[in-house]
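Asker: Contents are CSV, C-alpha atoms; file name my_file-v3.csv:
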```
chain,number,residue,atom,x,y,z
D,1,GLY,CA,2.5,1.0,-5.1
D,2,SER,CA,0.1,0.9,-8.0
D,3,GLY,CA,0.9,1.0,-11.7
D,4,GLY,CA,-0.5,3.3,-14.3
D,5,ASP,CA,-3.2,0.8,-15.3
D,6,GLY,CA,-4.5,0.5,-11.7
D,7,GLY,CA,-2.6,-2.8,-11.0
D,8,VAL,CA,-0.4,-3.4,-8.1
D,9,LEU,CA,3.4,-3.2,-8.6
D,10,VAL,CA,5.6,-5.3,-6.5
D,11,THR,CA,9.3,-4.3,-6.2
D,12,GLU,CA,12.1,-6.8,-5.6
D,13,ARG,CA,12.5,-5.5,-2.1
D,14,GLN,CA,8.9,-6.5,-1.3
D,15,TRP,CA,9.2,-10.1,-2.4
D,16,ARG,CA,12.7,-10.7,-1.1
D,17,PRO,CA,12.9,-12.4,2.3
D,18,LEU,CA,13.3,-9.9,5.1
D,19,SER,CA,15.9,-11.8,6.9
D,20,ARG,CA,18.5,-14.0,5.5
D,21,GLN,CA,19.1,-17.2,7.4
D,22,VAL,CA,22.6,-18.3,7.7
D,23,ALA,CA,22.9,-21.8,6.4
D,24,GLN,CA,24.2,-24.2,9.1
D,25,ASP,CA,26.6,-26.9,8.4
D,26,VAL,CA,25.0,-30.3,8.0
D,27,ALA,CA,26.9,-33.4,8.5
D,28,LEU,CA,26.1,-36.3,6.1
D,29,SER,CA,27.3,-39.8,6.1
D,30,MET,CA,29.4,-40.7,3.1
D,31,GLU,CA,26.5,-42.9,1.8
D,32,GLU,CA,24.0,-40.0,2.0
D,33,PHE,CA,26.5,-37.6,0.4
D,34,LEU,CA,27.1,-40.0,-2.5
D,35,GLY,CA,23.4,-40.6,-2.9
D,36,LEU,CA,22.7,-36.9,-3.2
D,37,SER,CA,25.7,-36.3,-5.5
D,38,GLN,CA,24.5,-39.1,-7.7
D,39,ALA,CA,21.0,-37.6,-7.9
D,40,LYS,CA,22.4,-34.2,-8.8
D,41,LEU,CA,24.6,-35.8,-11.5
D,42,GLN,CA,21.6,-37.5,-13.0
D,43,GLY,CA,19.8,-34.2,-13.1
D,44,LEU,CA,22.7,-32.5,-14.8
D,45,GLU,CA,23.0,-35.4,-17.3
D,46,PHE,CA,19.4,-34.9,-18.3
D,47,VAL,CA,20.0,-31.2,-18.7
D,48,ALA,CA,23.1,-31.8,-20.8
D,49,GLU,CA,21.3,-34.4,-22.9
D,50,TYR,CA,18.5,-32.0,-23.5
D,51,ALA,CA,21.0,-29.2,-24.6
D,52,ALA,CA,22.7,-31.6,-26.9
D,53,LEU,CA,19.4,-32.6,-28.5
D,54,VAL,CA,18.4,-29.0,-29.0
D,55,GLU,CA,21.8,-28.2,-30.6
D,56,ALA,CA,21.7,-31.3,-32.8
D,57,ALA,CA,18.2,-30.5,-34.0
D,58,ARG,CA,19.2,-26.9,-34.8
D,59,THR,CA,22.5,-28.0,-36.5
D,60,GLY,CA,20.8,-30.8,-38.4
D,61,VAL,CA,18.1,-28.5,-39.8
D,62,ALA,CA,20.6,-25.9,-40.9
D,63,GLN,CA,22.9,-28.4,-42.5
D,64,PHE,CA,20.0,-30.1,-44.3
D,65,VAL,CA,18.7,-26.8,-45.7
D,66,ALA,CA,22.2,-25.8,-46.8
D,67,LYS,CA,22.7,-29.1,-48.6
D,68,GLU,CA,19.3,-29.0,-50.3
D,69,MET,CA,20.0,-25.4,-51.4
D,70,GLU,CA,23.4,-26.4,-52.8
D,71,LYS,CA,21.9,-29.4,-54.5
D,72,ARG,CA,18.8,-27.7,-55.9
D,73,THR,CA,20.2,-24.3,-56.9
D,74,PRO,CA,21.8,-25.5,-60.1
D,75,MET,CA,18.6,-27.5,-61.0
D,76,VAL,CA,16.4,-24.4,-60.5
D,77,LYS,CA,18.8,-22.3,-62.6
D,78,GLU,CA,18.7,-25.0,-65.3
D,79,LEU,CA,14.9,-25.1,-65.1
D,80,LEU,CA,14.6,-21.4,-65.4
D,81,LYS,CA,16.9,-21.4,-68.5
D,82,ASP,CA,14.9,-24.3,-70.0
D,83,SER,CA,11.5,-23.0,-69.0
D,84,ARG,CA,11.2,-20.8,-72.1
D,85,GLY,CA,10.9,-23.9,-74.3
D,86,THR,CA,9.3,-26.3,-71.7
D,87,SER,CA,5.6,-26.9,-71.3
D,88,SER,CA,3.9,-25.6,-68.2
D,89,ALA,CA,2.6,-29.0,-67.3
D,90,GLU,CA,6.1,-30.3,-66.8
D,91,LEU,CA,7.0,-27.3,-64.6
D,92,GLU,CA,3.7,-27.9,-62.7
D,93,GLY,CA,4.7,-31.5,-62.1
D,94,GLN,CA,8.1,-30.5,-60.8
D,95,LEU,CA,6.6,-27.8,-58.6
D,96,SER,CA,4.0,-30.3,-57.2
D,97,ALA,CA,6.8,-32.8,-56.3
D,98,LEU,CA,8.8,-30.0,-54.6
D,99,GLN,CA,5.7,-29.0,-52.6
D,100,ALA,CA,5.0,-32.6,-51.5
D,101,GLU,CA,8.6,-32.9,-50.4
D,102,ALA,CA,8.3,-29.6,-48.5
D,103,GLU,CA,5.2,-30.9,-46.7
D,104,HIS,CA,7.0,-34.1,-45.8
D,105,LEU,CA,9.9,-32.1,-44.3
D,106,GLU,CA,7.4,-29.9,-42.3
D,107,ASP,CA,5.8,-33.1,-40.9
D,108,GLU,CA,9.3,-34.4,-39.9
D,109,GLN,CA,10.0,-31.0,-38.3
D,110,GLU,CA,6.7,-31.3,-36.3
D,111,ASP,CA,7.8,-34.8,-35.1
D,112,ASP,CA,11.2,-33.5,-34.2
D,113,ASP,CA,9.7,-30.6,-32.3
D,114,GLU,CA,7.4,-33.0,-30.4
D,115,ARG,CA,10.4,-35.2,-29.4
D,116,LEU,CA,12.2,-32.1,-28.3
D,117,ARG,CA,9.3,-31.0,-26.1
D,118,THR,CA,9.1,-34.5,-24.6
D,119,CYS,CA,12.9,-34.3,-23.8
D,120,GLU,CA,12.4,-30.9,-22.3
D,121,ARG,CA,9.6,-32.1,-20.0
D,122,GLU,CA,11.6,-35.2,-19.0
D,123,ALA,CA,14.7,-33.1,-18.2
D,124,ALA,CA,12.6,-30.5,-16.3
D,125,ALA,CA,10.9,-33.3,-14.3
D,126,ALA,CA,14.3,-34.9,-13.5
D,127,VAL,CA,15.8,-31.6,-12.3
D,128,ALA,CA,12.7,-30.8,-10.2
D,129,THR,CA,12.8,-34.3,-8.6
D,130,VAL,CA,16.5,-33.9,-7.8
D,131,ARG,CA,16.0,-30.5,-6.3
D,132,ALA,CA,13.0,-31.6,-4.3
D,133,GLU,CA,14.8,-34.6,-3.0
D,134,GLY,CA,17.8,-32.3,-2.0
D,135,LEU,CA,15.5,-29.8,-0.3
D,136,ALA,CA,13.6,-32.6,1.6
D,137,ARG,CA,16.9,-34.2,2.6
D,138,ALA,CA,18.3,-30.8,3.8
D,139,GLY,CA,15.1,-30.2,5.8
D,140,ARG,CA,15.3,-33.6,7.4
D,141,LEU,CA,18.9,-33.1,8.3
D,142,ALA,CA,18.3,-29.6,9.7
D,143,ARG,CA,15.5,-31.0,11.9
D,144,GLN,CA,17.7,-33.9,13.0
D,145,LEU,CA,20.5,-31.4,13.8
D,146,GLU,CA,18.1,-29.3,15.9
D,147,GLU,CA,16.9,-32.4,17.8
D,148,GLU,CA,20.5,-33.4,18.4
D,149,ARG,CA,21.3,-29.9,19.7
D,150,ALA,CA,18.2,-29.9,22.0
D,151,ALA,CA,19.3,-33.4,23.3
D,152,THR,CA,22.9,-32.1,23.8
D,153,GLY,CA,21.6,-29.0,25.7
D,154,ALA,CA,19.3,-31.2,27.9
D,155,LEU,CA,22.2,-33.5,28.7
D,156,GLU,CA,24.5,-30.6,29.5
D,157,GLN,CA,21.8,-29.2,31.8
D,158,LEU,CA,21.4,-32.6,33.5
D,159,ALA,CA,25.2,-32.8,33.9
D,160,LYS,CA,25.3,-29.4,35.6
D,161,GLU,CA,22.4,-30.3,37.9
D,162,GLN,CA,24.1,-33.6,38.9
D,163,GLU,CA,27.3,-31.7,39.5
D,164,VAL,CA,25.5,-29.3,41.8
D,165,ALA,CA,23.8,-32.1,43.6
D,166,LEU,CA,27.1,-33.9,44.1
D,167,THR,CA,28.7,-30.7,45.4
D,168,GLN,CA,25.8,-30.3,47.8
D,169,LEU,CA,26.1,-33.9,48.9
D,170,ARG,CA,29.8,-33.6,49.5
D,171,ALA,CA,29.3,-30.5,51.5
D,172,ALA,CA,26.6,-32.2,53.6
D,173,ILE,CA,28.9,-35.2,54.3
D,174,GLU,CA,31.8,-32.9,55.5
```
Represent the structure of the file as structure tokens.
Answerer:
Amino acid sequence: GSGGDGGVLVTERQWRPLSRQVAQDVALSMEEFLGLSQAKLQGLEFVAEYAALVEAARTGVAQFVAKEMEKRTPMVKELLKDSRGTSSAELEGQLSALQAEAEHLEDEQEDDDERLRTCEREAAAAVATVRAEGLARAGRLARQLEEERAATGALEQLAKEQEVALTQLRAAIE
């Protein structure tokens, strides 16, 4: 169909595969199974490490802000009380120091964000690699299974033909 803006709408039914293939059992050697399992575990470890880093970053920032607010609130209240008799130059100096510290914290936040993005990319790449290896392995095993089935079918046909030939030979001898 088409949307109100003239674009094409695609429904879930249109992009979903028309026929669902039933997954066939694939036999793996213990070594192959352990290799795939290890690769999957590595991918999951990257994802878990990423999630832990994200949570630590969020928690660390929240805790830092809470501590700073707790530490500075009494100072600000005291400054506001004393500001009536204090020179504006002194207040400007303190404000300037606070602004410099805020800029420093913003720079640290940017560095932390960059490290977090790097971890995200590494985790995504590791998961993609594990999934690609698993899919490639499953494809190779499915092809191997089909080849084995074709060979088995050919051998069964040959065995039937030989049995017919033996039966005909026995009949000819009798």
Asker: Box in all listed atoms of stretch 142-146 of chain D, axis-aligned, with 4 Å more on each side; write out centre and edge lengths in Å to one decimal as AutoDock Vina command-line options.
Answerer:
```
--center_x 18.0 --center_y -31.6 --center_z 12.8 --size_x 13.0 --size_y 12.6 --size_z 14.2
```
Asker: What separation in Å, quoted to one decimal, exists between atom CA of D:Gln109 and atom CA of D:Val61?
Answerer: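 We find that atom CA of D:Gln109 and atom CA of D:Val61 lie 8.6 Å from each other.
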Asker: What are the closest atom pairs, with distances in Å to one decimal, for each residue of stretch 71-120 of chain D lying within 12 Å of stretch 38-55 of chain D, using all atoms listed in the file, rows by chain and rising residue number, as a tab-separated table?
Answerer:
```
residue	atom	partner	partner_atom	distance
D:Asp112	CA	D:Val54	CA	10.0
D:Asp113	CA	D:Val54	CA	9.4
D:Glu114	CA	D:Val54	CA	11.8
D:Arg115	CA	D:Leu53	CA	9.4
D:Leu116	CA	D:Val54	CA	7.0
D:Arg117	CA	D:Tyr50	CA	9.6
D:Thr118	CA	D:Tyr50	CA	9.8
D:Cys119	CA	D:Tyr50	CA	6.1
D:Glu120	CA	D:Tyr50	CA	6.3
```
Asker: Would you mind reading off the distance between atom CA of D:Ala123 and atom CA of D:Gly35, one decimal, in Å?
Answerer: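 Rounded to one decimal, the two atoms are 19.1 Å apart.
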Asker: What's the separation between atom CA of D:Leu141 and atom CA of D:Ala27, in Å to one decimal place?
Answerer: 8.0 Å
Asker: Nearest to D:Val76: which of D:Leu91, D:Arg140, D:Phe64, D:Val130 is it, counting only C-alpha atoms?
Answerer: D:Leu91
